[in-house]
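One structure is given here, and the rest of the page talks about it.
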Amino acid sequence: MYKKSILAVLALVLTLGLYAAEQEETQIKGAHPYDLEENASGVAPEFARWTIGLSAGFNSFDGDFASEMKHPIWMPSAALSLECNLTPMWYLGLEYNYDWYKVFGKPGNADVLLNGMMHRAQAYLGFDLISACFPRSQKKIFGWDLFVGGGYGWFKNSVYYPDYTRYHTADYAPMSHDKFHDGAYLLAGTMFDFNLGRVVSLGVRGTYAYYVRDDVDGRGPTSVASKNNDGIFDVSLHLRFKLAAVKKTHLKNISGFAYGMGDGNKNRQKDTVVVINKDTVYMMSQATAAVQSYNEDNYFFVYFANNDNNLDDKALIDVQQIATRMMDDESLCAEIIGRCDNTGSEELNDNLGYARARNVRDELVEEYRIDPSRITYSGKGIVVGGRSTGAYSPNRRCDIRLMNCADFGEIKQANDEREAQIEAAAAQAREERVDGVITAPEGLTLAGIARKYYGNTYCWVFVYEANRNTLKTPNYIPQGTRLVIPDLTEEQLHISKRNAETYYENLK
């Protein structure tokens with residue numbers, strides 16, 4: 001009978017999970033575990049932390065009957081849990097667990113050596129290995145949890161054989177507990193789960209409760225049969241309901257932390273990032289969320305691939321939206337800020353952020369004929385928050401702020417002054433060349449050379465042209481390579497991205 005009952009419970013758990021997954025609203029709200037980037041617009045800025053878990057499965061009792069008992073004996077179990085996610089990796093849980101356990105004897109012994117029921121209340125601390133091992137993943141399809149904790153159990157044995165003999169034959173009458181006994185235990189477990197959707201995940205879970213007193217089997221700590229403490233092992237199907245995950249971004253759906261990289265700064269905060277409202281939510285240390293919120297009518301965000309400043313199809317559409325606004329309202333001016341994630345050197349990120357901003361500016365000017373005097377751009381390198389900010393694709397972007405041109409003057413003047421400083425530094429660097437030649441240090445790129453010596457990333461094509469006999473590819477410069485840094489005309493110094501790409505195609 002119990003087998004049919006437990007199979008019915010398992011079927012119900014699975015049916016509920018599938019039903020909940022199908023009932024999710026189609027409108028994107030909370031971050032979806034399958035694809036965070038699909039939420040680039042319209043994701044809820046608030047976080048959800050709570051989950052309810054339902055478990056149904058089987059247990060095997062580990063008692064001190066030793067050679068007299070069959071191994072293993074599987075009996076039904078069920079559990080109800082409540083978890084709070086402190087971060088995408090760490091969570092705390094409280095759980096009620098019910099076990100019906102038995103010990104069957106081997107041939108020649110009594111049919112049932114022990115028959116009882118157990119109620120357990122436990123608390124545990126969990127850790128998600130998938131989020132820890134793949135902190136930059138844009139998907140959270142699977143989870144693999146390890147957890148430890150402890151609790152207290154109340155158990156009552158309706159049938160058990162006392163320790164009159166090492167062999168419990170039918171000649172000895174069984175006894176029973178007339179009341180519940182109790183005992184503390186330590187808990188350890190693991191679970192592998194699969195996200196059925198934004199709200200529901202289904203997993204397989206195993207736990208072991210190790211009682212610190214040897215009295216679950218009713219034989220007492222002084223029993224001659226007591227060789228080890230009692231314990232109970234549960235294997236179950238576990239269904240998680242992530243509360244409020246439709247209307248909020250649930251922490252269980254985020255891949256994990258991004259630890260600072262590159263310079264070994266031990267004082268960096270541990271952060272993670274998800275996309276919200278076309279921008280980024282920063283989860284700072286201690287899981288404190290600092291949200292950058294903007295007026296969506298005046299702010300736009302253009303995203304880039306890792307270590308890339310080229311505008312892909314989606315980025316071109318975003319730029320088109322900006323251009324449309326500026327063409328419809330000529331009183332609007334645009335400030336473009338190029339940003340990067342926290343990987344790579346500081347110099348590389350400064351150059352890359354600047355190149356991204358300049359690409360957006362060039363697209364507006366060259367393709368849509370927006371007056372250059374209505375646009376100012378700058379590169380801010382690593383995204384707001386410094387090197388501690390999570391290295392996720394939402395940080396590889398340009399922030400474009402539209403404003404009334406009457407409020408534009410000071411910003412443009414500051415950027416123009418910075419641009420003049422960059423050009424002056426580039427001119428000085430060119431003068432410091434030894435006979436027009438430099439020796440490439442480790443990690444140098446053509447884009448970095450162009451930025452340093454010409455103040456324009458796209459001048460790399462002229463550096464490549466001057467060193468084609470030395471460089472096999474423009475994508476790699478061996479350390480120690482002697483490179484010619486040519487003098488360029490004024491027109492060459494201001495080459496655009498599109499013209500640089502055309503020039504490179506002609507070189508090939």
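The way I read the labels, and the way they are meant: chains A, B, ... in the order of the structure tokens, residue 1 as the first residue of every chain, and ligand 1 as the first ligand shown, with later ones counted on from there.
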
Original post:
If we count only C-alpha atoms, what is near Gln428 of chain A at a cut-off of 12 Å, once residues fewer than 4 positions away on the same chain are taken out, given as a PyMOL selection string?
Top reply: chain A and resi 421-424+432-433+452-455

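All residues in segment 333-467 of chain A with a DSSP state of strand (DSSP E or B), computed from the backbone, read Cys333, Ala334, Glu335, Ile336, Ile337, Gly338, Arg339, Cys340, Ile375, Thr376, Tyr377, Ser378, Gly379, Lys380, Gly381, Ile382, Arg397, Cys398, Asp399, Ile400, Arg401, Leu402, Met403, Asn404, Val434, Val437, Ile438 and Thr439 of chain A.
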
**OP:** Within 12 Å of Thr207 of chain A, counting only C-alpha atoms, which residues show up once you throw out same-chain ones fewer than 4 positions away? Write them as a PyMOL selection string, please.
**Re:** chain A and resi 55+57-60+77+79+97+122+124+145-150+186-191+231-238

Original post:
Near Lys380 of chain A, within 10 Å and counting only C-alpha atoms, which residues show up once chain neighbours fewer than 5 positions away are dropped, as a ChimeraX atom specification?
Top reply: /A:337-340,349-354,357,398

Residue selection dump (all heavy atoms) as a short mmCIF file (atom, residue, chain, number, x, y, z; two decimals), in the first residue's frame:
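Contents of part36.cif, freshly written:
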data_model
loop_
_atom_site.label_atom_id
_atom_site.label_comp_id
_atom_site.auth_asym_id
_atom_site.auth_seq_id
_atom_site.Cartn_x
_atom_site.Cartn_y
_atom_site.Cartn_z
N ILE A 337 28.95 57.40 -23.05
CA ILE A 337 30.00 56.94 -22.13
C ILE A 337 30.26 55.46 -22.40
O ILE A 337 29.35 54.64 -22.29
CB ILE A 337 29.59 57.15 -20.66
CG1 ILE A 337 29.32 58.62 -20.40
CG2 ILE A 337 30.67 56.62 -19.72
CD1 ILE A 337 28.78 58.89 -19.00
N GLY A 338 31.49 55.13 -22.76
CA GLY A 338 31.86 53.74 -23.02
C GLY A 338 32.34 53.05 -21.76
O GLY A 338 33.17 53.59 -21.02
N ARG A 339 31.81 51.85 -21.50
CA ARG A 339 32.15 51.12 -20.28
C ARG A 339 32.59 49.70 -20.60
O ARG A 339 32.33 49.18 -21.69
CB ARG A 339 30.97 51.10 -19.32
CG ARG A 339 30.43 52.48 -18.96
CD ARG A 339 29.44 52.37 -17.81
NE ARG A 339 28.81 53.64 -17.49
CZ ARG A 339 29.34 54.59 -16.75
NH1 ARG A 339 30.55 54.43 -16.25
NH2 ARG A 339 28.69 55.70 -16.48
N CYS A 340 33.23 49.05 -19.61
CA CYS A 340 33.76 47.70 -19.77
C CYS A 340 33.48 46.88 -18.52
O CYS A 340 33.12 47.42 -17.48
CB CYS A 340 35.28 47.72 -20.01
SG CYS A 340 35.80 48.75 -21.40
N ASN A 349 41.05 48.42 -20.77
CA ASN A 349 39.66 48.80 -20.56
C ASN A 349 39.43 50.28 -20.86
O ASN A 349 38.37 50.64 -21.39
CB ASN A 349 39.24 48.49 -19.12
CG ASN A 349 38.95 47.02 -18.92
OD1 ASN A 349 38.36 46.39 -19.78
ND2 ASN A 349 39.38 46.47 -17.81
N ASP A 350 40.40 51.13 -20.55
CA ASP A 350 40.26 52.54 -20.88
C ASP A 350 40.16 52.73 -22.40
O ASP A 350 39.32 53.48 -22.90
CB ASP A 350 41.44 53.34 -20.34
CG ASP A 350 41.37 53.50 -18.82
OD1 ASP A 350 40.28 53.29 -18.26
OD2 ASP A 350 42.41 53.81 -18.21
N ASN A 351 41.02 52.03 -23.12
CA ASN A 351 41.00 52.12 -24.58
C ASN A 351 39.72 51.55 -25.16
O ASN A 351 39.11 52.10 -26.08
CB ASN A 351 42.20 51.39 -25.17
CG ASN A 351 43.52 52.06 -24.85
OD1 ASN A 351 43.54 53.25 -24.51
ND2 ASN A 351 44.60 51.32 -24.92
N LEU A 352 39.29 50.41 -24.60
CA LEU A 352 38.12 49.73 -25.13
C LEU A 352 36.85 50.54 -24.87
O LEU A 352 35.99 50.66 -25.76
CB LEU A 352 38.00 48.34 -24.49
CG LEU A 352 36.91 47.42 -25.03
CD1 LEU A 352 37.07 47.21 -26.53
CD2 LEU A 352 36.93 46.09 -24.29
N GLY A 353 36.72 51.11 -23.67
CA GLY A 353 35.55 51.92 -23.38
C GLY A 353 35.47 53.13 -24.30
O GLY A 353 34.40 53.49 -24.80
N TYR A 354 36.62 53.75 -24.55
CA TYR A 354 36.67 54.90 -25.45
C TYR A 354 36.29 54.49 -26.88
O TYR A 354 35.53 55.19 -27.56
CB TYR A 354 38.08 55.50 -25.42
CG TYR A 354 38.25 56.73 -26.27
CD1 TYR A 354 37.98 57.99 -25.76
CD2 TYR A 354 38.67 56.63 -27.59
CE1 TYR A 354 38.13 59.13 -26.54
CE2 TYR A 354 38.83 57.76 -28.38
CZ TYR A 354 38.56 59.00 -27.86
OH TYR A 354 38.71 60.12 -28.63
N ALA A 357 32.52 53.99 -27.25
CA ALA A 357 31.81 55.26 -27.31
C ALA A 357 32.00 55.93 -28.67
O ALA A 357 31.05 56.46 -29.26
CB ALA A 357 32.28 56.18 -26.18
N CYS A 398 27.72 50.91 -23.78
CA CYS A 398 27.77 52.36 -23.80
C CYS A 398 26.48 52.89 -23.18
O CYS A 398 25.39 52.39 -23.48
CB CYS A 398 27.90 52.89 -25.23
SG CYS A 398 29.58 52.85 -25.88
#

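Shortest separation to Val216 of chain A among A:Arg482, A:His494, A:Lys102, A:Arg374 occurs at residue A:Lys102, atoms counted being only C-alpha atoms.
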
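Coordinates place atom CA of Leu196 of chain A at a distance of 28.1 Å from atom CA of Ala121 of chain A.
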
Original post:
Which residues come within 7 Å of Met117 of chain A, counting only C-alpha atoms, excluding same-chain residues fewer than 4 positions away, as a VMD selection string?
Top reply: chain A and resid 99 to 101 155 to 157

Do you know which residues are at most 10 Å from Gln492 of chain A counting only C-alpha atoms, after dropping those on the same chain fewer than 5 positions away, and could you put them as a JSON list (two decimals) with all heavy atoms, in the first residue's frame?
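The resulting file, out30.json, is shown below:
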[["chain", "number", "residue", "atom", "x", "y", "z"],
["A", 454, "TYR", "N", 48.44, 57.77, -31.36],
["A", 454, "TYR", "CA", 47.66, 58.61, -32.27],
["A", 454, "TYR", "C", 46.38, 59.16, -31.63],
["A", 454, "TYR", "O", 45.72, 60.00, -32.23],
["A", 454, "TYR", "CB", 47.29, 57.84, -33.54],
["A", 454, "TYR", "CG", 48.49, 57.23, -34.24],
["A", 454, "TYR", "CD1", 48.66, 55.85, -34.28],
["A", 454, "TYR", "CD2", 49.46, 58.03, -34.83],
["A", 454, "TYR", "CE1", 49.76, 55.28, -34.89],
["A", 454, "TYR", "CE2", 50.57, 57.48, -35.45],
["A", 454, "TYR", "CZ", 50.72, 56.10, -35.47],
["A", 454, "TYR", "OH", 51.82, 55.55, -36.08],
["A", 456, "ASN", "N", 43.67, 57.62, -31.43],
["A", 456, "ASN", "CA", 42.55, 57.08, -32.21],
["A", 456, "ASN", "C", 42.77, 55.58, -32.39],
["A", 456, "ASN", "O", 43.72, 55.15, -33.05],
["A", 456, "ASN", "CB", 42.46, 57.78, -33.56],
["A", 456, "ASN", "CG", 41.28, 57.27, -34.41],
["A", 456, "ASN", "OD1", 40.59, 56.33, -34.02],
["A", 456, "ASN", "ND2", 41.08, 57.89, -35.55],
["A", 458, "TYR", "N", 41.40, 53.44, -34.22],
["A", 458, "TYR", "CA", 41.28, 52.90, -35.58],
["A", 458, "TYR", "C", 42.52, 53.15, -36.44],
["A", 458, "TYR", "O", 42.61, 52.64, -37.57],
["A", 458, "TYR", "CB", 40.03, 53.47, -36.25],
["A", 458, "TYR", "CG", 38.82, 53.27, -35.39],
["A", 458, "TYR", "CD1", 38.13, 54.35, -34.86],
["A", 458, "TYR", "CD2", 38.41, 51.98, -35.05],
["A", 458, "TYR", "CE1", 37.05, 54.16, -34.03],
["A", 458, "TYR", "CE2", 37.33, 51.78, -34.22],
["A", 458, "TYR", "CZ", 36.65, 52.88, -33.72],
["A", 458, "TYR", "OH", 35.58, 52.68, -32.89],
["A", 459, "CYS", "N", 43.48, 53.88, -35.91],
["A", 459, "CYS", "CA", 44.75, 54.04, -36.63],
["A", 459, "CYS", "C", 45.58, 52.76, -36.62],
["A", 459, "CYS", "O", 46.67, 52.72, -37.20],
["A", 459, "CYS", "CB", 45.55, 55.21, -36.03],
["A", 459, "CYS", "SG", 44.84, 56.83, -36.36],
["A", 461, "VAL", "N", 45.20, 50.25, -38.29],
["A", 461, "VAL", "CA", 45.39, 49.71, -39.64],
["A", 461, "VAL", "C", 46.69, 50.23, -40.25],
["A", 461, "VAL", "O", 47.36, 49.51, -41.02],
["A", 461, "VAL", "CB", 44.19, 50.05, -40.55],
["A", 461, "VAL", "CG1", 42.94, 49.33, -40.10],
["A", 461, "VAL", "CG2", 43.95, 51.56, -40.61],
["A", 462, "PHE", "N", 47.08, 51.46, -39.91],
["A", 462, "PHE", "CA", 48.31, 52.01, -40.47],
["A", 462, "PHE", "C", 49.54, 51.39, -39.80],
["A", 462, "PHE", "O", 50.57, 51.20, -40.44],
["A", 462, "PHE", "CB", 48.31, 53.54, -40.32],
["A", 462, "PHE", "CG", 47.13, 54.20, -40.96],
["A", 462, "PHE", "CD1", 46.22, 54.93, -40.20],
["A", 462, "PHE", "CD2", 46.91, 54.08, -42.33],
["A", 462, "PHE", "CE1", 45.14, 55.53, -40.79],
["A", 462, "PHE", "CE2", 45.81, 54.69, -42.93],
["A", 462, "PHE", "CZ", 44.92, 55.41, -42.16],
["A", 487, "ASP", "N", 54.55, 57.99, -39.10],
["A", 487, "ASP", "CA", 53.93, 59.30, -39.00],
["A", 487, "ASP", "C", 52.72, 59.33, -39.91],
["A", 487, "ASP", "O", 52.76, 58.82, -41.05],
["A", 487, "ASP", "CB", 54.92, 60.40, -39.43],
["A", 487, "ASP", "CG", 56.06, 60.54, -38.41],
["A", 487, "ASP", "OD1", 55.77, 60.48, -37.21],
["A", 487, "ASP", "OD2", 57.23, 60.68, -38.85],
["A", 499, "ASN", "N", 35.87, 53.43, -42.18],
["A", 499, "ASN", "CA", 36.95, 53.61, -43.15],
["A", 499, "ASN", "C", 38.14, 52.72, -42.81],
["A", 499, "ASN", "O", 38.83, 52.23, -43.70],
["A", 499, "ASN", "CB", 37.38, 55.08, -43.19],
["A", 499, "ASN", "CG", 36.32, 55.97, -43.82],
["A", 499, "ASN", "OD1", 35.47, 55.49, -44.57],
["A", 499, "ASN", "ND2", 36.35, 57.27, -43.52],
["A", 500, "ALA", "N", 38.38, 52.51, -41.51],
["A", 500, "ALA", "CA", 39.48, 51.63, -41.11],
["A", 500, "ALA", "C", 39.20, 50.18, -41.55],
["A", 500, "ALA", "O", 40.10, 49.47, -42.01],
["A", 500, "ALA", "CB", 39.67, 51.69, -39.60]]

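As for atom CA of Lys412 of chain A and atom CA of Glu346 of chain A, they are spaced 24.2 Å apart.
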
Non-local contacts of Thr376 of chain A (10 Å; only C-alpha atoms; under 6 positions in same chain excluded) as an mmCIF file with C-alpha atoms, in the first residue's frame:
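Result file out.cif:
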data_model
loop_
_atom_site.group_PDB
_atom_site.id
_atom_site.type_symbol
_atom_site.label_atom_id
_atom_site.label_comp_id
_atom_site.auth_asym_id
_atom_site.auth_seq_id
_atom_site.Cartn_x
_atom_site.Cartn_y
_atom_site.Cartn_z
ATOM 1 C CA CYS A 333 22.103 66.393 -27.585
ATOM 2 C CA ALA A 334 23.756 63.111 -26.606
ATOM 3 C CA GLU A 335 26.428 62.182 -24.087
ATOM 4 C CA ILE A 336 27.980 58.762 -24.813
ATOM 5 C CA ILE A 337 30.002 56.936 -22.132
ATOM 6 C CA ALA A 357 31.809 55.260 -27.310
ATOM 7 C CA ARG A 358 33.490 56.501 -30.468
ATOM 8 C CA ARG A 361 29.250 58.391 -32.149
ATOM 9 C CA ILE A 400 23.780 57.220 -23.919
ATOM 10 C CA PHE A 408 25.122 70.233 -22.836
ATOM 11 C CA GLY A 409 27.897 72.814 -22.950
ATOM 12 C CA ILE A 411 29.851 68.263 -20.420
ATOM 13 C CA LYS A 412 31.060 68.668 -24.000
ATOM 14 C CA GLN A 413 33.719 71.168 -22.952
ATOM 15 C CA ALA A 414 35.077 68.758 -20.320
ATOM 16 C CA ASN A 415 35.197 65.906 -22.835
ATOM 17 C CA ASP A 416 36.793 68.116 -25.478
#

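Checking A:Ile322, A:Val302, A:Ala123, A:Ile52 one by one against Leu94 of chain A, counting only C-alpha atoms, you find the shortest gap at A:Ala123.
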